[in-house]
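Reproduced below: data37.txt, with compact mmCIF, C-alpha atoms.
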# COMPACT_ATOMS: atom_id res chain seq x y z
CA MET I 1 14.68 -8.27 -9.54
CA ALA I 2 12.62 -7.20 -12.51
CA GLU I 3 11.31 -3.96 -13.93
CA VAL I 4 7.52 -4.11 -14.01
CA ASP I 5 4.97 -1.86 -15.68
CA ILE I 6 1.82 -1.28 -13.66
CA GLY I 7 -0.61 0.77 -15.71
CA GLY I 8 2.20 2.77 -17.29
CA ILE I 9 4.18 3.21 -14.06
CA ARG I 10 7.52 1.41 -14.06
CA ARG I 11 8.95 0.06 -10.82
CA GLU I 12 11.34 -2.63 -9.66
CA ALA I 13 9.87 -5.74 -8.06
CA SER I 14 11.50 -8.73 -6.45
CA LEU I 15 10.93 -12.09 -8.13
CA ALA I 16 12.12 -14.02 -5.06
CA LEU I 17 8.62 -15.35 -4.25
CA VAL I 18 7.98 -16.62 -7.81
CA ALA I 19 11.49 -17.70 -8.84
CA ASP I 20 10.36 -21.33 -9.21
CA ARG I 21 7.59 -20.40 -11.68
CA GLY I 22 9.83 -19.66 -14.66
CA ILE I 23 9.03 -15.97 -15.00
CA ALA I 24 10.15 -14.54 -18.36
CA VAL I 25 10.05 -11.16 -20.08
CA GLY I 26 6.47 -10.47 -21.13
CA ASP I 27 4.86 -12.58 -18.39
CA TYR I 28 2.24 -11.09 -16.11
CA VAL I 29 2.70 -11.13 -12.34
CA LEU I 30 0.64 -9.82 -9.45
CA VAL I 31 2.77 -7.34 -7.47
CA HIS I 32 2.27 -6.25 -3.87
CA THR I 33 4.62 -4.00 -1.89
CA GLY I 34 7.49 -4.52 -4.29
CA TYR I 35 7.20 -8.31 -4.59
CA ALA I 36 5.79 -10.36 -7.44
CA ILE I 37 3.56 -12.78 -5.54
CA THR I 38 2.14 -14.93 -8.33
CA LYS I 39 2.23 -15.38 -12.08
CA VAL I 40 -1.10 -14.82 -13.86
CA ASP I 41 -2.24 -15.49 -17.41
CA GLU I 42 -3.01 -12.65 -19.79
CA GLU I 43 -6.80 -12.92 -19.40
CA GLU I 44 -6.59 -12.66 -15.62
CA ALA I 45 -4.06 -9.81 -15.89
CA MET I 46 -6.39 -7.82 -18.15
CA SER I 47 -9.29 -8.41 -15.75
CA ILE I 48 -7.20 -7.19 -12.80
CA LEU I 49 -6.04 -4.10 -14.72
CA ASP I 50 -9.61 -3.29 -15.72
CA ALA I 51 -10.77 -3.56 -12.11
CA TRP I 52 -7.87 -1.35 -11.01
CA LYS I 53 -8.83 1.29 -13.59
CA GLN I 54 -12.42 1.25 -12.30
CA VAL I 55 -11.22 1.73 -8.72
CA MET I 56 -9.00 4.66 -9.73
CA ALA I 57 -11.82 6.27 -11.71
CA ALA I 58 -14.19 5.94 -8.75
CA GLU I 59 -11.58 7.47 -6.45
CA LYS I 60 -11.24 10.48 -8.77
CA GLU I 61 -15.02 10.98 -8.74
CA ILE I 62 -15.10 10.89 -4.93
CA GLN I 63 -12.43 13.59 -4.79
CA LEU I 64 -14.46 15.93 -6.99
Before anything else, please render the file you have as structure tokens.
Amino acid sequence: MAEVDIGGIRREASLALVADRGIAVGDYVLVHTGYAITKVDEEEAMSILDAWKQVMAAEKEIQL
């Protein structure tokens, strides 16, 4: 198990699916339903976070 930070929200996630990838503190992982499913490099992680922020912003606009 690991504590992960997803856009400022901290949660626990299982590393069982990526245990063979040498995950270390500071690495980026893609998390789905409480499981880290793959390790990603920093550039890809920043791209995913940016896309996520755009989705959340669009959702807020729809709710207005």
Exercise. Which is closest to I:Leu49 among I:Ile37, I:Ile62, I:Leu30, I:Met1, if we use only C-alpha atoms?
Worked result: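 Among I:Ile37, I:Ile62, I:Leu30, I:Met1, it is I:Leu30 that comes nearest to I:Leu49.
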Exercise. What is the atom CA of I:Val4-atom CA of I:Val25 distance in Å, reported with one decimal?
Worked result: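 According to the coordinates, atom CA of I:Val4 and atom CA of I:Val25 are separated by 9.6 Å.
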For this session: Can you work out the spacing between atom CA of I:Gly26 and atom CA of I:Glu43 in Å, to one decimal?
Result: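 It comes out at 13.6 Å.
Using all atoms listed in the file, the smallest distance between any of I:Leu17, I:Ala2, I:Gly7, I:Ala24 and I:Ile48 comes from I:Gly7.
Nearest to I:Glu12 of all the residues I:Ala45, I:Thr38, I:Glu61, I:Val31 is I:Val31, counting all atoms listed in the file.
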For this session: Would you mind listing what lies within 8 Å of I:Tyr35 as a PyMOL selection string, with only C-alpha atoms counted and same-chain residues fewer than 3 positions away left out?
Result: chain I and resi 13-17+31-32
Exercise. Of the candidates I:Ile6, I:Ala58, I:Met46, I:Arg11, which shows the shortest atom-to-atom distance to I:Gly34, using only C-alpha atoms?
Worked result: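 Of the candidates, the smallest distance to I:Gly34 is held by I:Arg11.
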For this session: Please indicate the distance in Å from atom CA of I:Lys39 to atom CA of I:Ala57, rounded to one decimal place.
Result: 25.8 Å
For stretch 17-37 of chain I, where the input has fewer atoms than it should, I would like N, CA and C atoms rebuilt and written as a PDB file, in the coordinates of the input.
ATOM      1  N   LEU I  17       9.754 -14.492  -4.639  1.00  0.00           N
ATOM      2  CA  LEU I  17       8.620 -15.350  -4.250  1.00  0.00           C
ATOM      3  C   LEU I  17       8.089 -16.192  -5.406  1.00  0.00           C
ATOM      4  N   VAL I  18       8.475 -15.878  -6.644  1.00  0.00           N
ATOM      5  CA  VAL I  18       7.980 -16.620  -7.810  1.00  0.00           C
ATOM      6  C   VAL I  18       9.117 -17.194  -8.649  1.00  0.00           C
ATOM      7  N   ALA I  19      10.308 -17.242  -8.087  1.00  0.00           N
ATOM      8  CA  ALA I  19      11.490 -17.700  -8.840  1.00  0.00           C
ATOM      9  C   ALA I  19      11.307 -19.092  -9.416  1.00  0.00           C
ATOM     10  N   ASP I  20      10.559 -19.951  -8.742  1.00  0.00           N
ATOM     11  CA  ASP I  20      10.360 -21.330  -9.210  1.00  0.00           C
ATOM     12  C   ASP I  20       9.282 -21.451 -10.280  1.00  0.00           C
ATOM     13  N   ARG I  21       8.683 -20.355 -10.690  1.00  0.00           N
ATOM     14  CA  ARG I  21       7.590 -20.400 -11.680  1.00  0.00           C
ATOM     15  C   ARG I  21       8.040 -20.054 -13.097  1.00  0.00           C
ATOM     16  N   GLY I  22       9.325 -19.902 -13.312  1.00  0.00           N
ATOM     17  CA  GLY I  22       9.830 -19.660 -14.660  1.00  0.00           C
ATOM     18  C   GLY I  22       9.357 -18.352 -15.256  1.00  0.00           C
ATOM     19  N   ILE I  23       9.459 -17.276 -14.517  1.00  0.00           N
ATOM     20  CA  ILE I  23       9.030 -15.970 -15.000  1.00  0.00           C
ATOM     21  C   ILE I  23       9.968 -15.509 -16.122  1.00  0.00           C
ATOM     22  N   ALA I  24       9.379 -15.014 -17.204  1.00  0.00           N
ATOM     23  CA  ALA I  24      10.150 -14.540 -18.360  1.00  0.00           C
ATOM     24  C   ALA I  24       9.641 -13.159 -18.771  1.00  0.00           C
ATOM     25  N   VAL I  25      10.448 -12.462 -19.544  1.00  0.00           N
ATOM     26  CA  VAL I  25      10.050 -11.160 -20.080  1.00  0.00           C
ATOM     27  C   VAL I  25       8.719 -11.316 -20.807  1.00  0.00           C
ATOM     28  N   GLY I  26       7.776 -10.430 -20.491  1.00  0.00           N
ATOM     29  CA  GLY I  26       6.470 -10.470 -21.130  1.00  0.00           C
ATOM     30  C   GLY I  26       5.406 -11.182 -20.302  1.00  0.00           C
ATOM     31  N   ASP I  27       5.822 -11.911 -19.268  1.00  0.00           N
ATOM     32  CA  ASP I  27       4.860 -12.580 -18.390  1.00  0.00           C
ATOM     33  C   ASP I  27       4.151 -11.550 -17.518  1.00  0.00           C
ATOM     34  N   TYR I  28       2.998 -11.938 -17.010  1.00  0.00           N
ATOM     35  CA  TYR I  28       2.240 -11.090 -16.110  1.00  0.00           C
ATOM     36  C   TYR I  28       2.375 -11.643 -14.686  1.00  0.00           C
ATOM     37  N   VAL I  29       2.610 -10.742 -13.741  1.00  0.00           N
ATOM     38  CA  VAL I  29       2.700 -11.130 -12.340  1.00  0.00           C
ATOM     39  C   VAL I  29       1.870 -10.157 -11.512  1.00  0.00           C
ATOM     40  N   LEU I  30       1.356 -10.652 -10.393  1.00  0.00           N
ATOM     41  CA  LEU I  30       0.640  -9.820  -9.450  1.00  0.00           C
ATOM     42  C   LEU I  30       1.666  -9.291  -8.460  1.00  0.00           C
ATOM     43  N   VAL I  31       1.748  -7.968  -8.306  1.00  0.00           N
ATOM     44  CA  VAL I  31       2.770  -7.340  -7.470  1.00  0.00           C
ATOM     45  C   VAL I  31       2.106  -6.687  -6.263  1.00  0.00           C
ATOM     46  N   HIS I  32       2.726  -6.892  -5.103  1.00  0.00           N
ATOM     47  CA  HIS I  32       2.270  -6.250  -3.870  1.00  0.00           C
ATOM     48  C   HIS I  32       3.485  -5.833  -3.066  1.00  0.00           C
ATOM     49  N   THR I  33       3.533  -4.585  -2.690  1.00  0.00           N
ATOM     50  CA  THR I  33       4.620  -4.000  -1.890  1.00  0.00           C
ATOM     51  C   THR I  33       6.006  -4.366  -2.397  1.00  0.00           C
ATOM     52  N   GLY I  34       6.169  -4.308  -3.711  1.00  0.00           N
ATOM     53  CA  GLY I  34       7.490  -4.520  -4.290  1.00  0.00           C
ATOM     54  C   GLY I  34       7.866  -5.965  -4.555  1.00  0.00           C
ATOM     55  N   TYR I  35       6.941  -6.887  -4.354  1.00  0.00           N
ATOM     56  CA  TYR I  35       7.200  -8.310  -4.590  1.00  0.00           C
ATOM     57  C   TYR I  35       6.194  -8.872  -5.582  1.00  0.00           C
ATOM     58  N   ALA I  36       6.681  -9.591  -6.581  1.00  0.00           N
ATOM     59  CA  ALA I  36       5.790 -10.360  -7.440  1.00  0.00           C
ATOM     60  C   ALA I  36       5.342 -11.553  -6.608  1.00  0.00           C
ATOM     61  N   ILE I  37       4.032 -11.719  -6.425  1.00  0.00           N
ATOM     62  CA  ILE I  37       3.560 -12.780  -5.540  1.00  0.00           C
ATOM     63  C   ILE I  37       2.972 -13.979  -6.270  1.00  0.00           C
TER      64      ILE I  37
END
